[in-house]
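Worksheet for the structure shown next.
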Amino acid sequence: MIIDRIENAHLYYGIGTRFSSALDCLKNEDWLAKESAVLEDGKVTISVGDYVSKPEADCNTEAHSTVADIHYSIQGTEVIGYCDRSNATPKQGSDLSAETIYFETPELNYFKLLPGMFCIMLPEDVHRAKIMNGNPEDCRKAIVKVSLL
């Protein structure tokens with residue numbers, strides 16, 4: 001997992017062209033006005049959502065199979081918990097071949113995603129997002145799905 005500020009996005013362009021396209025787009029577009037983007041022949045999708053952060057118990061714990069997530073905070077602060085997939089147990093009955101797999105609550109590490117920050121979650125990064133930082137807060141965030149296939 002990577003956590004940084006968007007002005008440092010160029011430091012991660014070497015991960016691959018899909019990541020560099022996504023990070024460059026996040027850095028250079030007006031995401032207060034823009035709602036979505038499709039890049040790299042559909043291998044990178046960006047969608048923007050507005051929501052209110054919530055208590056941790058109300059948030060899903062998940063990981064993905066074939067995509068990386070990039071979370072980019074536009075407005076508001078949220079807390080994100082994460083751990084390595086090897087330290088998490090899929091929920092009973094989960095389809096382990098699905099793109100999104102939900103997990104029982106593992107022991108997580110936490111960080112605050114502040115406006116102007118992004119994080120990259122790879123398939124081994126189990127994560128729980130949208131957690132309130134003390135009190136519920138109006139948030140706007142871009143979620144990028146980067147195909148790894």
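All residue names refer to the structure tokens as shown: chains lettered A, B, ... in order, residues numbered from 1 in each chain, ligands numbered from 1 in order.
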Give me the range 6-76 of chain A side of the contact with range 86-90 of chain A, cut-off 10 Å, one line per residue showing its nearest atom pair and distance in Å at one decimal, counting only C-alpha atoms, sorted by chain and residue number, as CSV.
residue,atom,partner,partner_atom,distance
A:Thr61,CA,A:Pro90,CA,9.4
A:Glu62,CA,A:Pro90,CA,8.7
A:Ala63,CA,A:Pro90,CA,9.6
I'd like the neighbourhood of range 108-122 of chain A as a CSV table (one decimal) with N, CA, C and O atoms, in the first residue's frame, where a residue qualifies if any of its atoms comes within 8 Å (using only C-alpha atoms), though same-chain residues fewer than 3 positions away should be ignored.
chain,number,residue,atom,x,y,z
A,1,MET,N,0.8,-1.2,0.0
A,1,MET,CA,0.0,0.0,0.0
A,1,MET,C,0.9,1.2,0.0
A,1,MET,O,2.0,1.2,0.6
A,2,ILE,N,0.4,2.3,-0.7
A,2,ILE,CA,1.1,3.6,-0.7
A,2,ILE,C,0.1,4.6,-0.2
A,2,ILE,O,-1.1,4.6,-0.6
A,3,ILE,N,0.6,5.5,0.6
A,3,ILE,CA,-0.1,6.7,1.1
A,3,ILE,C,0.8,7.9,0.8
A,3,ILE,O,1.9,7.9,1.2
A,4,ASP,N,0.2,8.9,0.1
A,4,ASP,CA,1.0,10.2,-0.1
A,4,ASP,C,0.1,11.3,-0.5
A,4,ASP,O,-1.2,11.1,-0.6
A,5,ARG,N,0.6,12.4,-0.8
A,5,ARG,CA,-0.1,13.6,-1.2
A,5,ARG,C,-0.1,13.7,-2.7
A,5,ARG,O,0.9,13.2,-3.4
A,6,ILE,N,-1.1,14.2,-3.3
A,6,ILE,CA,-1.3,14.2,-4.8
A,6,ILE,C,-0.1,14.9,-5.5
A,6,ILE,O,0.3,14.6,-6.6
A,64,HIS,N,-9.8,-6.7,-3.3
A,64,HIS,CA,-10.2,-6.9,-4.7
A,64,HIS,C,-9.3,-8.0,-5.2
A,64,HIS,O,-8.1,-8.2,-4.8
A,67,VAL,N,-8.1,-5.9,-9.4
A,67,VAL,CA,-7.9,-4.4,-9.6
A,67,VAL,C,-7.2,-3.9,-8.4
A,67,VAL,O,-7.3,-4.4,-7.3
A,68,ALA,N,-6.5,-2.8,-8.6
A,68,ALA,CA,-6.0,-1.9,-7.5
A,68,ALA,C,-7.0,-0.8,-7.3
A,68,ALA,O,-7.5,-0.3,-8.3
A,69,ASP,N,-7.1,-0.4,-6.1
A,69,ASP,CA,-7.9,0.8,-5.8
A,69,ASP,C,-7.0,2.0,-5.5
A,69,ASP,O,-6.0,1.8,-4.8
A,70,ILE,N,-7.3,3.2,-6.1
A,70,ILE,CA,-6.7,4.4,-5.6
A,70,ILE,C,-7.8,5.2,-5.0
A,70,ILE,O,-8.8,5.5,-5.7
A,71,HIS,N,-7.7,5.6,-3.8
A,71,HIS,CA,-8.7,6.5,-3.1
A,71,HIS,C,-8.0,7.9,-3.0
A,71,HIS,O,-6.9,8.0,-2.5
A,72,TYR,N,-8.7,8.9,-3.5
A,72,TYR,CA,-8.2,10.2,-3.6
A,72,TYR,C,-9.2,11.2,-2.9
A,72,TYR,O,-10.3,11.3,-3.4
A,73,SER,N,-8.8,11.7,-1.7
A,73,SER,CA,-9.7,12.6,-1.0
A,73,SER,C,-9.7,14.0,-1.6
A,73,SER,O,-8.7,14.7,-1.7
A,74,ILE,N,-10.9,14.4,-1.9
A,74,ILE,CA,-11.2,15.8,-2.5
A,74,ILE,C,-11.6,16.7,-1.5
A,74,ILE,O,-11.1,17.8,-1.4
A,75,GLN,N,-12.6,16.3,-0.6
A,75,GLN,CA,-13.0,17.1,0.5
A,75,GLN,C,-13.3,16.2,1.7
A,75,GLN,O,-13.8,15.1,1.5
A,76,GLY,N,-13.1,16.7,2.9
A,76,GLY,CA,-13.4,15.9,4.1
A,76,GLY,C,-12.3,15.0,4.4
A,76,GLY,O,-11.4,14.7,3.6
A,77,THR,N,-12.3,14.5,5.7
A,77,THR,CA,-11.3,13.6,6.2
A,77,THR,C,-12.0,12.3,6.6
A,77,THR,O,-13.1,12.3,7.2
A,78,GLU,N,-11.4,11.2,6.2
A,78,GLU,CA,-11.9,9.9,6.7
A,78,GLU,C,-10.7,9.1,7.2
A,78,GLU,O,-9.6,9.4,7.0
A,79,VAL,N,-11.1,8.1,7.9
A,79,VAL,CA,-10.1,7.2,8.4
A,79,VAL,C,-10.2,5.9,7.6
A,79,VAL,O,-11.3,5.5,7.3
A,80,ILE,N,-9.0,5.3,7.3
A,80,ILE,CA,-9.0,4.0,6.6
A,80,ILE,C,-8.2,3.0,7.4
A,80,ILE,O,-7.1,3.4,7.8
A,81,GLY,N,-8.8,1.8,7.5
A,81,GLY,CA,-8.1,0.8,8.2
A,81,GLY,C,-7.6,-0.2,7.1
A,81,GLY,O,-8.2,-0.4,6.1
A,82,TYR,N,-6.5,-0.9,7.4
A,82,TYR,CA,-5.9,-1.8,6.4
A,82,TYR,C,-5.1,-2.9,7.1
A,82,TYR,O,-4.6,-2.7,8.2
A,83,CYS,N,-4.9,-4.0,6.4
A,83,CYS,CA,-4.0,-5.1,6.8
A,83,CYS,C,-3.7,-5.9,5.6
A,83,CYS,O,-4.3,-5.8,4.6
A,125,ASP,N,-4.1,-5.9,-0.1
A,125,ASP,CA,-4.4,-4.9,0.9
A,125,ASP,C,-5.9,-5.0,1.3
A,125,ASP,O,-6.7,-4.4,0.5
A,126,VAL,N,-6.3,-5.6,2.4
A,126,VAL,CA,-7.6,-5.6,2.9
A,126,VAL,C,-7.8,-4.2,3.5
A,126,VAL,O,-6.9,-3.7,4.2
A,127,HIS,N,-9.0,-3.6,3.2
A,127,HIS,CA,-9.2,-2.3,3.7
A,127,HIS,C,-10.6,-2.0,4.1
A,127,HIS,O,-11.5,-2.6,3.6
A,133,ASN,N,-13.8,10.3,11.4
A,133,ASN,CA,-12.7,10.8,12.2
A,133,ASN,C,-13.2,11.5,13.4
A,133,ASN,O,-13.3,12.8,13.5
(Q) Could you pull out the alpha helix (DSSP H) residues of chain A, going by DSSP on the backbone, and write them as number ranges by chain? (A) A: 17-28
(Q) Could you tell me how far CA of Asn135 in chain A sits from CA of Lys34 in chain A, in Å to one decimal place? (A)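 Between these atoms lies a distance of 27.0 Å.
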Q: Write out as a VMD selection string all residues of chain A that backbone DSSP assigns to strand (DSSP E).
A: chain A and resid 2 to 5 36 to 39 44 to 52 62 to 64 67 to 75 78 to 84 100 to 102 109 to 113 117 to 121 125 to 131 138 to 147
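Among the candidates A:Asn28, A:Ser36, A:Ser147, A:Thr45, the one nearest to His10 in chain A when counting only C-alpha atoms is A:Asn28.
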Q) So what do you get for CA of Ile101 in chain A versus CA of Ile131 in chain A, distance-wise? A)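 So the two atoms, CA of Ile101 in chain A and CA of Ile131 in chain A, lie 18.7 Å apart.
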Q | Distance criterion (only C-alpha atoms): nearest to Met132 in chain A out of A:Glu104, A:Glu35, A:Asp58, A:Asp95 | A |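 Nearest to Met132 in chain A: A:Asp58.
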Q) Quick one: distance from CA of Lys141 in chain A to CA of Asp30 in chain A in Å, one decimal? A)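 These two atoms are separated by 12.2 Å.
Closest approach to Ser20 in chain A from the set A:Val52, A:Leu39, A:Leu96, A:Ala142 is made by A:Leu39, with distances taken over only C-alpha atoms.
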